[in-house]
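Source file: my_file.pdb. Holds: PDB, C-alpha atoms and all ligand atoms.
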ATOM      1  CA  MET A   1    -123.767 -21.490-266.420  1.00  0.00           C
ATOM      2  CA  LYS A   2    -120.060 -20.802-266.880  1.00  0.00           C
ATOM      3  CA  ILE A   3    -118.266 -20.397-263.577  1.00  0.00           C
ATOM      4  CA  TYR A   4    -114.822 -19.558-264.854  1.00  0.00           C
ATOM      5  CA  GLU A   5    -112.845 -19.252-268.044  1.00  0.00           C
ATOM      6  CA  ARG A   6    -109.258 -20.362-268.409  1.00  0.00           C
ATOM      7  CA  LYS A   7    -107.234 -18.041-270.634  1.00  0.00           C
ATOM      8  CA  MET A   8    -103.518 -17.791-271.333  1.00  0.00           C
ATOM      9  CA  VAL A   9    -102.186 -14.243-271.312  1.00  0.00           C
ATOM     10  CA  LYS A  10     -98.682 -12.840-271.444  1.00  0.00           C
ATOM     11  CA  VAL A  11     -97.344 -11.655-268.115  1.00  0.00           C
ATOM     12  CA  SER A  12     -96.702  -8.278-269.765  1.00  0.00           C
ATOM     13  CA  GLU A  13    -100.451  -7.942-270.408  1.00  0.00           C
ATOM     14  CA  LEU A  14    -101.056  -8.176-266.667  1.00  0.00           C
ATOM     15  CA  VAL A  15     -98.209  -6.148-265.230  1.00  0.00           C
ATOM     16  CA  GLY A  16     -96.969  -4.195-268.242  1.00  0.00           C
ATOM     17  CA  ASN A  17     -93.654  -4.194-270.010  1.00  0.00           C
ATOM     18  CA  LYS A  18     -90.949  -2.962-267.733  1.00  0.00           C
ATOM     19  CA  CYS A  19     -87.797  -0.968-268.124  1.00  0.00           C
ATOM     20  CA  TRP A  20     -84.876  -3.290-267.454  1.00  0.00           C
ATOM     21  CA  TRP A  21     -82.600  -0.624-265.981  1.00  0.00           C
ATOM     22  CA  ARG A  22     -81.655  -1.672-262.460  1.00  0.00           C
ATOM     23  CA  GLY A  23     -83.748   0.260-259.941  1.00  0.00           C
ATOM     24  CA  CYS A  24     -86.240   1.614-262.498  1.00  0.00           C
ATOM     25  CA  ASP A  25     -89.898   0.748-262.008  1.00  0.00           C
ATOM     26  CA  ARG A  26     -91.380   2.336-265.134  1.00  0.00           C
ATOM     27  CA  THR A  27     -93.719   0.185-267.196  1.00  0.00           C
ATOM     28  CA  TYR A  28     -96.106   0.464-270.115  1.00  0.00           C
ATOM     29  CA  VAL A  29     -99.053  -1.629-271.241  1.00  0.00           C
ATOM     30  CA  GLY A  30     -99.920  -2.225-274.870  1.00  0.00           C
ATOM     31  CA  ASP A  31     -97.965  -0.605-277.676  1.00  0.00           C
ATOM     32  CA  MET A  32     -94.545   0.772-276.835  1.00  0.00           C
ATOM     33  CA  PRO A  33     -94.762   4.548-276.308  1.00  0.00           C
ATOM     34  CA  ARG A  34     -92.431   6.850-278.247  1.00  0.00           C
ATOM     35  CA  GLY A  35     -89.131   7.324-276.504  1.00  0.00           C
ATOM     36  CA  TRP A  36     -88.864   3.750-275.229  1.00  0.00           C
ATOM     37  CA  ARG A  37     -86.440   1.449-277.043  1.00  0.00           C
ATOM     38  CA  TYR A  38     -85.980  -2.269-277.426  1.00  0.00           C
ATOM     39  CA  LEU A  39     -82.492  -3.371-276.534  1.00  0.00           C
ATOM     40  CA  PHE A  40     -81.429  -6.553-278.298  1.00  0.00           C
ATOM     41  CA  THR A  41     -77.951  -8.003-278.426  1.00  0.00           C
ATOM     42  CA  TYR A  42     -76.606 -10.949-280.339  1.00  0.00           C
ATOM     43  CA  TRP A  43     -73.401 -12.558-281.537  1.00  0.00           C
ATOM     44  CA  SER A  44     -72.696 -13.232-285.183  1.00  0.00           C
ATOM     45  CA  ARG A  45     -69.560 -13.338-287.340  1.00  0.00           C
ATOM     46  CA  GLN A  46     -71.168 -10.703-289.557  1.00  0.00           C
ATOM     47  CA  VAL A  47     -73.971  -8.198-289.029  1.00  0.00           C
ATOM     48  CA  GLN A  48     -77.194 -10.124-289.372  1.00  0.00           C
ATOM     49  CA  PRO A  49     -79.990  -7.974-290.787  1.00  0.00           C
ATOM     50  CA  ASP A  50     -82.562 -10.776-290.540  1.00  0.00           C
ATOM     51  CA  PHE A  51     -83.636 -11.210-286.922  1.00  0.00           C
ATOM     52  CA  PHE A  52     -85.040 -14.671-287.625  1.00  0.00           C
ATOM     53  CA  LYS A  53     -81.645 -15.961-288.773  1.00  0.00           C
ATOM     54  CA  ILE A  54     -80.082 -15.250-285.380  1.00  0.00           C
ATOM     55  CA  LEU A  55     -79.837 -18.524-283.522  1.00  0.00           C
ATOM     56  CA  PRO A  56     -81.466 -18.574-280.064  1.00  0.00           C
ATOM     57  CA  GLN A  57     -78.161 -19.518-278.432  1.00  0.00           C
ATOM     58  CA  ASP A  58     -76.522 -16.447-279.997  1.00  0.00           C
ATOM     59  CA  ARG A  59     -79.114 -14.046-278.595  1.00  0.00           C
ATOM     60  CA  GLY A  60     -78.288 -12.015-275.514  1.00  0.00           C
ATOM     61  CA  LEU A  61     -80.350  -9.239-274.042  1.00  0.00           C
ATOM     62  CA  ASP A  62     -83.899  -8.820-275.310  1.00  0.00           C
ATOM     63  CA  CYS A  63     -85.522  -6.139-273.224  1.00  0.00           C
ATOM     64  CA  ALA A  64     -86.816  -2.561-273.201  1.00  0.00           C
ATOM     65  CA  LEU A  65     -85.598   0.694-271.699  1.00  0.00           C
ATOM     66  CA  CYS A  66     -87.641   3.749-270.730  1.00  0.00           C
ATOM     67  CA  PRO A  67     -86.715   7.129-272.280  1.00  0.00           C
ATOM     68  CA  GLU A  68     -84.657   8.194-269.272  1.00  0.00           C
ATOM     69  CA  HIS A  69     -82.527   5.081-269.377  1.00  0.00           C
ATOM     70  CA  VAL A  70     -82.210   5.073-273.158  1.00  0.00           C
ATOM     71  CA  HIS A  71     -80.637   8.481-272.672  1.00  0.00           C
ATOM     72  CA  ALA A  72     -78.496   7.221-269.779  1.00  0.00           C
ATOM     73  CA  LEU A  73     -77.192   4.286-271.841  1.00  0.00           C
ATOM     74  CA  ASP A  74     -76.539   6.564-274.795  1.00  0.00           C
ATOM     75  CA  GLY A  75     -74.331   8.688-272.533  1.00  0.00           C
ATOM     76  CA  GLN A  76     -72.163   5.641-271.791  1.00  0.00           C
ATOM     77  CA  LEU A  77     -71.483   4.648-275.392  1.00  0.00           C
ATOM     78  CA  LYS A  78     -68.840   6.006-277.732  1.00  0.00           C
ATOM     79  CA  ASP A  79     -69.988   8.611-280.216  1.00  0.00           C
ATOM     80  CA  SER A  80     -71.150   6.781-283.333  1.00  0.00           C
ATOM     81  CA  GLY A  81     -72.789   9.799-284.907  1.00  0.00           C
ATOM     82  CA  LYS A  82     -76.193   8.407-283.932  1.00  0.00           C
ATOM     83  CA  GLN A  83     -78.040   8.589-280.659  1.00  0.00           C
ATOM     84  CA  LEU A  84     -80.120   5.774-279.211  1.00  0.00           C
ATOM     85  CA  ASP A  85     -82.881   8.166-278.263  1.00  0.00           C
ATOM     86  CA  LYS A  86     -83.067   9.800-281.691  1.00  0.00           C
ATOM     87  CA  VAL A  87     -84.220   8.155-284.888  1.00  0.00           C
ATOM     88  CA  GLU A  88     -84.797   9.714-288.272  1.00  0.00           C
ATOM     89  CA  GLY A  89     -88.250  11.184-288.511  1.00  0.00           C
ATOM     90  CA  ASN A  90     -88.632  11.238-284.738  1.00  0.00           C
ATOM     91  CA  ALA A  91     -89.446  14.768-283.634  1.00  0.00           C
TER      92      ALA A  91
HETATM   93 ZN    ZN A 101     -86.034   3.116-266.870  1.00  0.00          ZN
END
Mind converting the file's structure to structure tokens?
Ligand SMILES: [Zn+2]
Amino acid sequence: MKIYERKMVKVSELVGNKCWWRGCDRTYVGDMPRGWRYLFTYWSRQVQPDFFKILPQDRGLDCALCPEHVHALDGQLKDSGKQLDKVEGNA
């Protein structure tokens, strides 16, 4: 008779992935819903299109934002002609 089972799970599987905006308590579990965005920053002398070539010590933020705070961040950035909360093919 098995009394217990030890299993490793990601914290996000238990409590959900959270929005990293200060004061926001929104979360999701499982696949990222439309409207949320990953926010990843890194340093490199040149744009690095291959994520796996970015050295761990050169990585900065690696988090997610809910739709409201994607929009809020977008409002703080200079106009690049693209919006964080809009991607091609996203209706
Ligand atoms: Zn949020």
Evaluate the PyMOL selection byres (((not hetatm)) within 12 of (chain A and resi 101)) on the structure here and hand back the selected residues as a list of chain:residue names.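 For this structure, the PyMOL selection byres (((not hetatm)) within 12 of (chain A and resi 101)) resolves to A:Asn17, A:Lys18, A:Cys19, A:Trp20, A:Trp21, A:Arg22, A:Gly23, A:Cys24, A:Asp25, A:Arg26, A:Thr27, A:Tyr28, A:Gly35, A:Trp36, A:Arg37, A:Tyr38, A:Cys63, A:Ala64, A:Leu65, A:Cys66, A:Pro67, A:Glu68, A:His69, A:Val70, A:His71, A:Ala72, A:Leu73.
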Show which residues sit within 7 Å of region 58-60 of chain A, as an MDAnalysis selection string. Count only C-alpha atoms, and ignore same-chain residues fewer than 4 positions away. chainID A and resid 40:43 54
- request: State, in Å with one decimal place, the distance from CA of Phe51 (chain A) to CA of Leu39 (chain A).
  value: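 Computing the Euclidean distance for CA of Phe51 (chain A) and CA of Leu39 (chain A) yields 13.1 Å.
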Practice prompt. Provide the CA of Pro49 (chain A) to CA of Asp62 (chain A) distance in Å, to one decimal place.
Written response: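 Distance reported for this atom pair: 16.0 Å.
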Exercise for the section: Identify, on the basis of all atoms listed in the file, every residue whose closest approach to Leu84 (chain A) does not exceed 7 Å; exclude the query and any residue fewer than 2 positions from it along the same chain; express the result as a PyMOL selection string. Expected result: chain A and resi 70+74+82+86
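Atom pair CA of Gln83 (chain A) / CA of Arg34 (chain A) has a distance of 14.7 Å (rounded to one decimal).
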